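Notes to accompany the following structure.
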Amino acid sequence: MYISLILIGVLGGLITGISPCILPVLPVIFFSGGAQSARGNEKAADRAEPGASGAPAQGGGAGVAVKDKPEATTTGASRWRPYLVILGLVLSFSVFTLAGSFILALLGLPQDVLRYAGIVVLVLIGVGLIVPRIEELLEKPFSWIPQRRVGTEGNGILLGIALGAVYVPCAGPVLAAITVAGSTGRIGFNTVVLTLSFAVGAAIPLLIFALAGRRVAERVKTFRRHQRAIRIGGGVLMVALAVGLFFNLPAALQRLVPDYTGSLQSQLAQNQDVKQALNLTGLVNDQNKDLSLCSNNAQTLESCGTAPDIQGIQQWFNTPGNQPIDLKSLHGKVVLVDFWAYSCINCQRAVPHIVALNKAYAADGLVVIGIHSPEYAFEKDVNNVKAGAASLGITYPVAIDNKLSTWTNYRNQYWPAHYLIDASGTVRNIQFGEGNDQQTESMIRQLLLAANPNVQLPAPVQSADTAATANLTPETRLGWSLESNFGGSQKYEPITTGFTFPASQPANTFALNGTFKLQPDFISATGNNSTIRLNFHAKVVEMVLSGKGEVNYTVNGVAKKINVTGVPNAYTLLTSANPVSGNLDVTLPPGVDAYSFTFG
């Protein structure tokens, strides 16, 4: 059991440790954690050179030896600096993640005080590196310790502790399990083992980067000749990191860098052994434990416990001043919490009915809250979400749940998903997927009347039930890590580049012909006439594409084309009043990326 948890934790940490989330701390790790540790060694080498030549310096040999003696002590500590910086980061991250909230609540302190304390420490250490006099003042409180250079030059463990307080790794299945355990206080030995192994895994890439910094400093002559400049540069980077963290600038940087580890996190989350070890099918806590009392897509009202909190939200919009909403402040109202993603066709079909419900019943006490939980990495861009919401006519409050914190707190697993909450704050119905629109509206009307028997409700929203028929082709994903419904004969993996259509392709599958590069989330053509063949049954076929170019395709022999431009979006290839079966051949030009097919 423990070995499995350690392996899962380390693997999850390693994926996190190479993710875009570590980019802001890399310069500090490289210079202050790594390059600085080469200075004492370089000075020792410089002192050894005269003796090696057999010609000691005249008039000062003894003086030099006395002067260098303290440096020899610093050198020993300095060589351990990268390891101790990372050790401080591992320990502080683990403690702050698991027990930080509990300790701060116990002391009656704000939840972000540790983050700001870490920022202050980073500023002080950075200024100490730049201004030696400040460093001396910082060291005075530690003068009773034999190794006085606590943060700026010597063992660096204080630097690691400060970094651990402000280090915010990208969320994944392992971190989600740890975060839920820490936030709910359900911390056992297994959780501690998982947390420490995760922290170690995340720290390994940082340690490698720090050691690389030391190696460069020792090998490159420019570094050896400009030790003072390295010291100042490290201090400047540390202060810059602190200022950036204060103003939340690293988040903007991370949004500019594609989440190249997202597919690895997805694969980890979908592994059955990992699911069992972390209970990813439902991270149960005191807030959500009663949700299992609700049956999926029930036709009548049930009672499923108090609604879990909306938590870990990156940003809100469509609220007054874009301020957050606390469910507790909505007691007396009927609330519909809708989990969605803007490029998900199932959500696109369901959202219009939600919009209509909001328009019809908002004045009578209904509050709709959209929790945008991204399915793809590109769906984490807030501007993309706002544009998608606007195109769907969404005017109700939307919470950006990029870390899937609220998704996890609701034990959710579907796009879309609706949680209906009564005026007392109790979850009364859960709907996964599309459909049951008329039943959902009926239950909303029941709850509104229960909350206010005198309310005069409008006529029911006239909307045909949009549940997909059972025999429609299921959503088809094209990226190698998310692949579904591949009907070709070749292995669908990154090393495969050449494909041919099978002699007979099964129904509701896709196949490739030509040369392609398979990415985790999408595929791209590497030659001319690279074609995707889809065998489908649907009234509506849409394809998520990005890039720029003209895409030619045929539907049952009828030639058509679309122009693709910009970020990933859904393009309609077919609409029909009745379901259609057949083949759809899409010739993908270089410069256009294909993510998935969706159907209606």
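FYI, nothing fancy with the structure tokens labels: chains A, B, ... in order, residues from 1 per chain, ligands from 1 as they appear.
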
With a distance cut-off of 7 Å and only C-alpha atoms, select the neighbouring residues of region 294-302 of chain A, excluding the residue or stretch itself and same-chain residues fewer than 3 positions from it, and output the selection as an mmCIF file with N, CA and C atoms, in the first residue's frame.
```
data_model
loop_
_atom_site.group_PDB
_atom_site.id
_atom_site.type_symbol
_atom_site.label_atom_id
_atom_site.label_comp_id
_atom_site.auth_asym_id
_atom_site.auth_seq_id
_atom_site.Cartn_x
_atom_site.Cartn_y
_atom_site.Cartn_z
ATOM 1 N N LEU A 291 -23.541 13.408 -1.121
ATOM 2 C CA LEU A 291 -23.976 13.521 -2.515
ATOM 3 C C LEU A 291 -24.329 12.157 -3.112
ATOM 4 N N ARG A 428 -30.805 18.787 -4.014
ATOM 5 C CA ARG A 428 -32.041 18.017 -4.182
ATOM 6 C C ARG A 428 -32.078 17.196 -5.462
ATOM 7 N N ASN A 429 -31.155 17.469 -6.396
ATOM 8 C CA ASN A 429 -31.161 16.699 -7.641
ATOM 9 C C ASN A 429 -29.818 16.872 -8.341
ATOM 10 N N ILE A 430 -29.338 15.797 -8.974
ATOM 11 C CA ILE A 430 -28.096 15.825 -9.733
ATOM 12 C C ILE A 430 -28.369 15.259 -11.117
ATOM 13 N N GLN A 431 -27.981 16.001 -12.138
ATOM 14 C CA GLN A 431 -28.139 15.553 -13.521
ATOM 15 C C GLN A 431 -26.770 15.515 -14.180
ATOM 16 N N PHE A 432 -26.374 14.351 -14.690
ATOM 17 C CA PHE A 432 -25.123 14.196 -15.428
ATOM 18 C C PHE A 432 -25.440 14.082 -16.921
ATOM 19 N N GLN A 439 -37.817 17.851 -16.946
ATOM 20 C CA GLN A 439 -37.876 17.396 -15.553
ATOM 21 C C GLN A 439 -37.126 18.351 -14.636
ATOM 22 N N MET A 443 -38.695 20.499 -11.470
ATOM 23 C CA MET A 443 -38.191 20.476 -10.093
ATOM 24 C C MET A 443 -37.801 21.880 -9.619
#
```

From the DSSP assignment of the backbone, select every residue of region 228-452 of chain A that is strand (DSSP E or B), and format the answer as a PyMOL selection string. chain A and resi 306+315-317+334-340+366-372+398-400+417-421+426-432

Output the selection as a compact mmCIF listing (two decimals), in the first residue's frame - N, CA and C atoms for each residue.
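See selection-v1.txt below for the written result:
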```txt
# COMPACT_ATOMS: atom_id res chain seq x y z
N THR A 306 -26.00 19.03 2.50
CA THR A 306 -25.70 20.44 2.23
C THR A 306 -24.77 20.56 1.04
N GLN A 315 -11.00 33.00 -10.89
CA GLN A 315 -11.59 34.29 -11.25
C GLN A 315 -13.09 34.12 -11.44
N TRP A 316 -13.84 35.18 -11.15
CA TRP A 316 -15.27 35.23 -11.41
C TRP A 316 -15.56 36.28 -12.47
N PHE A 317 -16.62 36.10 -13.22
CA PHE A 317 -17.14 37.18 -14.04
C PHE A 317 -18.67 37.06 -14.11
N VAL A 334 -33.17 29.47 -4.70
CA VAL A 334 -32.95 28.17 -5.35
C VAL A 334 -31.75 28.34 -6.28
N VAL A 335 -30.78 27.44 -6.17
CA VAL A 335 -29.52 27.59 -6.90
C VAL A 335 -29.32 26.40 -7.84
N LEU A 336 -28.92 26.70 -9.06
CA LEU A 336 -28.55 25.66 -10.02
C LEU A 336 -27.07 25.83 -10.35
N VAL A 337 -26.24 24.87 -9.92
CA VAL A 337 -24.80 24.88 -10.20
C VAL A 337 -24.57 24.03 -11.43
N ASP A 338 -24.00 24.65 -12.46
CA ASP A 338 -23.82 23.99 -13.76
C ASP A 338 -22.33 23.87 -14.08
N PHE A 339 -21.80 22.65 -14.16
CA PHE A 339 -20.43 22.41 -14.58
C PHE A 339 -20.41 22.31 -16.11
N TRP A 340 -19.52 23.10 -16.75
CA TRP A 340 -19.51 23.14 -18.21
C TRP A 340 -18.11 23.47 -18.70
N LEU A 366 -34.44 32.18 -8.59
CA LEU A 366 -33.47 31.21 -9.09
C LEU A 366 -32.13 31.91 -9.34
N VAL A 367 -31.05 31.30 -8.85
CA VAL A 367 -29.69 31.78 -9.12
C VAL A 367 -28.93 30.67 -9.84
N VAL A 368 -28.45 30.96 -11.03
CA VAL A 368 -27.66 30.00 -11.80
C VAL A 368 -26.18 30.39 -11.68
N ILE A 369 -25.33 29.41 -11.37
CA ILE A 369 -23.88 29.63 -11.29
C ILE A 369 -23.20 28.63 -12.21
N GLY A 370 -22.46 29.12 -13.18
CA GLY A 370 -21.71 28.26 -14.08
C GLY A 370 -20.29 28.04 -13.55
N ILE A 371 -19.93 26.80 -13.35
CA ILE A 371 -18.56 26.45 -12.93
C ILE A 371 -17.83 25.97 -14.17
N HIS A 372 -16.96 26.81 -14.72
CA HIS A 372 -16.24 26.43 -15.94
C HIS A 372 -15.03 25.58 -15.56
N VAL A 398 -20.23 33.24 -13.58
CA VAL A 398 -19.36 32.14 -14.00
C VAL A 398 -18.10 32.16 -13.15
N ALA A 399 -17.72 30.99 -12.63
CA ALA A 399 -16.50 30.82 -11.84
C ALA A 399 -15.50 30.01 -12.66
N ILE A 400 -14.26 30.50 -12.74
CA ILE A 400 -13.19 29.82 -13.48
C ILE A 400 -12.52 28.82 -12.55
N ALA A 417 -22.89 18.92 -16.03
CA ALA A 417 -23.50 18.34 -14.83
C ALA A 417 -24.22 19.46 -14.09
N HIS A 418 -25.42 19.15 -13.58
CA HIS A 418 -26.24 20.15 -12.91
C HIS A 418 -26.55 19.68 -11.49
N TYR A 419 -26.33 20.57 -10.52
CA TYR A 419 -26.64 20.30 -9.12
C TYR A 419 -27.70 21.32 -8.68
N LEU A 420 -28.88 20.83 -8.35
CA LEU A 420 -29.99 21.69 -7.97
C LEU A 420 -30.07 21.77 -6.45
N ILE A 421 -30.04 23.00 -5.93
CA ILE A 421 -29.95 23.25 -4.49
C ILE A 421 -31.17 24.04 -4.05
N THR A 426 -29.66 22.66 0.56
CA THR A 426 -29.54 21.21 0.40
C THR A 426 -29.60 20.83 -1.08
N VAL A 427 -28.71 19.94 -1.50
CA VAL A 427 -28.74 19.43 -2.87
C VAL A 427 -29.94 18.51 -3.02
N ARG A 428 -30.81 18.79 -4.01
CA ARG A 428 -32.04 18.02 -4.18
C ARG A 428 -32.08 17.20 -5.46
N ASN A 429 -31.16 17.47 -6.40
CA ASN A 429 -31.16 16.70 -7.64
C ASN A 429 -29.82 16.87 -8.34
N ILE A 430 -29.34 15.80 -8.97
CA ILE A 430 -28.10 15.83 -9.73
C ILE A 430 -28.37 15.26 -11.12
N GLN A 431 -27.98 16.00 -12.14
CA GLN A 431 -28.14 15.55 -13.52
C GLN A 431 -26.77 15.52 -14.18
N PHE A 432 -26.37 14.35 -14.69
CA PHE A 432 -25.12 14.20 -15.43
C PHE A 432 -25.44 14.08 -16.92
```

Mind checking which residues fall within 9 Å of Glu550 (chain A), counting only C-alpha atoms, ignoring those fewer than 4 positions away in the same chain, and posting them as an mmCIF file with N, CA and C atoms, in the first residue's frame?
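Final output, saved to result-v1.cif:
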```
data_model
loop_
_atom_site.group_PDB
_atom_site.id
_atom_site.type_symbol
_atom_site.label_atom_id
_atom_site.label_comp_id
_atom_site.auth_asym_id
_atom_site.auth_seq_id
_atom_site.Cartn_x
_atom_site.Cartn_y
_atom_site.Cartn_z
ATOM 1 N N LYS A 561 -15.978 22.769 -47.727
ATOM 2 C CA LYS A 561 -14.748 23.305 -47.135
ATOM 3 C C LYS A 561 -15.098 24.338 -46.085
ATOM 4 N N ILE A 562 -14.161 24.524 -45.136
ATOM 5 C CA ILE A 562 -14.287 25.552 -44.106
ATOM 6 C C ILE A 562 -12.932 26.232 -43.948
ATOM 7 N N ASN A 563 -12.953 27.480 -43.496
ATOM 8 C CA ASN A 563 -11.729 28.212 -43.199
ATOM 9 C C ASN A 563 -11.530 28.245 -41.689
ATOM 10 N N VAL A 564 -10.369 27.779 -41.273
ATOM 11 C CA VAL A 564 -10.040 27.724 -39.847
ATOM 12 C C VAL A 564 -9.065 28.842 -39.520
ATOM 13 N N THR A 565 -9.311 29.524 -38.412
ATOM 14 C CA THR A 565 -8.391 30.572 -37.974
ATOM 15 C C THR A 565 -8.516 30.752 -36.476
ATOM 16 N N LEU A 588 -6.689 17.294 -43.793
ATOM 17 C CA LEU A 588 -6.130 18.254 -42.842
ATOM 18 C C LEU A 588 -4.847 18.860 -43.406
ATOM 19 N N PRO A 589 -4.814 20.173 -43.653
ATOM 20 C CA PRO A 589 -3.595 20.777 -44.190
ATOM 21 C C PRO A 589 -2.591 21.060 -43.079
ATOM 22 N N VAL A 592 -2.991 23.353 -39.416
ATOM 23 C CA VAL A 592 -4.269 23.221 -38.725
ATOM 24 C C VAL A 592 -4.197 21.996 -37.819
#
```

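Closest approach to Asp593 (chain A) from the set A:Phe247, A:Phe516, A:Phe522, A:Phe501 is made by A:Phe522, with distances taken over only C-alpha atoms.
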
Do you know which residues are at most 8 Å from Pro590 (chain A) counting only C-alpha atoms, after dropping those on the same chain fewer than 2 positions away, and could you put them as a ChimeraX atom specification? /A:524-528,549,588,592

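Picture a line from CA of Leu129 (chain A) to CA of Ala240 (chain A); it runs 13.0 Å.
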
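The spacing separating CA of Val461 (chain A) from CA of Ser576 (chain A) amounts to 24.5 Å.
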
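Reported to one decimal place, the separation of CA of Ile204 (chain A) from CA of Ser19 (chain A) is 12.6 Å.
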
Neighbouring residues of Met543 (chain A) were defined as those with any atom within 7 Å, considering only C-alpha atoms; residues of the same chain fewer than 6 positions away were excluded. Please report them as a VMD selection string. chain A and resid 570 to 572 596 to 598

Fewer than 6 positions away in the same chain doesn't count, so skip those; otherwise give me all residues within 8 Å of Gly365 (chain A), counting only C-alpha atoms, as a list of chain:residue names. A:Gly332, A:Lys333, A:Val334, A:Leu448

With N, CA and C atoms retained, write the just-selected residues as a compact mmCIF listing (two decimals), in the first residue's frame.
```txt
# COMPACT_ATOMS: atom_id res chain seq x y z
N GLY A 332 -32.26 30.89 0.98
CA GLY A 332 -33.52 31.53 0.62
C GLY A 332 -33.75 31.54 -0.88
N LYS A 333 -32.68 31.30 -1.64
CA LYS A 333 -32.75 31.22 -3.10
C LYS A 333 -32.64 29.75 -3.55
N VAL A 334 -33.17 29.47 -4.70
CA VAL A 334 -32.95 28.17 -5.35
C VAL A 334 -31.75 28.34 -6.28
N LEU A 448 -39.03 26.57 -6.13
CA LEU A 448 -39.35 27.99 -6.04
C LEU A 448 -40.68 28.19 -5.30
```

For Ala507 (chain A), please output as a VMD selection string all residues within 10 Å (counting only C-alpha atoms; exclusion window: fewer than 6 positions along the same chain). chain A and resid 473 485 487 534 to 537 581 to 583

With N, CA, C and O atoms kept, could you save the residues just selected as an mmCIF file, in the first residue's frame?
```
data_model
loop_
_atom_site.group_PDB
_atom_site.id
_atom_site.type_symbol
_atom_site.label_atom_id
_atom_site.label_comp_id
_atom_site.auth_asym_id
_atom_site.auth_seq_id
_atom_site.Cartn_x
_atom_site.Cartn_y
_atom_site.Cartn_z
ATOM 1 N N THR A 473 -23.091 8.540 -32.602
ATOM 2 C CA THR A 473 -21.655 8.299 -32.438
ATOM 3 C C THR A 473 -21.158 9.043 -31.204
ATOM 4 O O THR A 473 -21.466 10.232 -31.029
ATOM 5 N N ASN A 485 -12.106 5.657 -30.001
ATOM 6 C CA ASN A 485 -12.793 5.208 -31.224
ATOM 7 C C ASN A 485 -11.878 5.141 -32.445
ATOM 8 O O ASN A 485 -12.345 5.328 -33.578
ATOM 9 N N GLY A 487 -10.223 3.329 -35.380
ATOM 10 C CA GLY A 487 -10.549 2.085 -36.070
ATOM 11 C C GLY A 487 -9.505 1.638 -37.065
ATOM 12 O O GLY A 487 -9.762 0.732 -37.862
ATOM 13 N N LEU A 534 -14.068 9.495 -40.900
ATOM 14 C CA LEU A 534 -14.950 9.264 -39.766
ATOM 15 C C LEU A 534 -16.178 8.502 -40.236
ATOM 16 O O LEU A 534 -16.853 8.914 -41.182
ATOM 17 N N ASN A 535 -16.455 7.384 -39.597
ATOM 18 C CA ASN A 535 -17.701 6.660 -39.823
ATOM 19 C C ASN A 535 -18.657 7.052 -38.697
ATOM 20 O O ASN A 535 -18.364 6.813 -37.526
ATOM 21 N N PHE A 536 -19.793 7.675 -39.023
ATOM 22 C CA PHE A 536 -20.598 8.317 -37.984
ATOM 23 C C PHE A 536 -22.088 8.072 -38.188
ATOM 24 O O PHE A 536 -22.544 7.648 -39.255
ATOM 25 N N HIS A 537 -22.834 8.395 -37.120
ATOM 26 C CA HIS A 537 -24.302 8.440 -37.175
ATOM 27 C C HIS A 537 -24.737 9.594 -36.280
ATOM 28 O O HIS A 537 -24.576 9.548 -35.052
ATOM 29 N N SER A 581 -26.196 8.646 -41.454
ATOM 30 C CA SER A 581 -25.069 7.717 -41.312
ATOM 31 C C SER A 581 -24.197 7.804 -42.546
ATOM 32 O O SER A 581 -24.670 8.121 -43.645
ATOM 33 N N GLY A 582 -22.912 7.512 -42.390
ATOM 34 C CA GLY A 582 -22.025 7.516 -43.542
ATOM 35 C C GLY A 582 -20.590 7.806 -43.168
ATOM 36 O O GLY A 582 -20.179 7.627 -42.011
ATOM 37 N N ASN A 583 -19.832 8.247 -44.184
ATOM 38 C CA ASN A 583 -18.413 8.559 -44.003
ATOM 39 C C ASN A 583 -18.174 10.047 -44.221
ATOM 40 O O ASN A 583 -18.752 10.670 -45.113
#
```
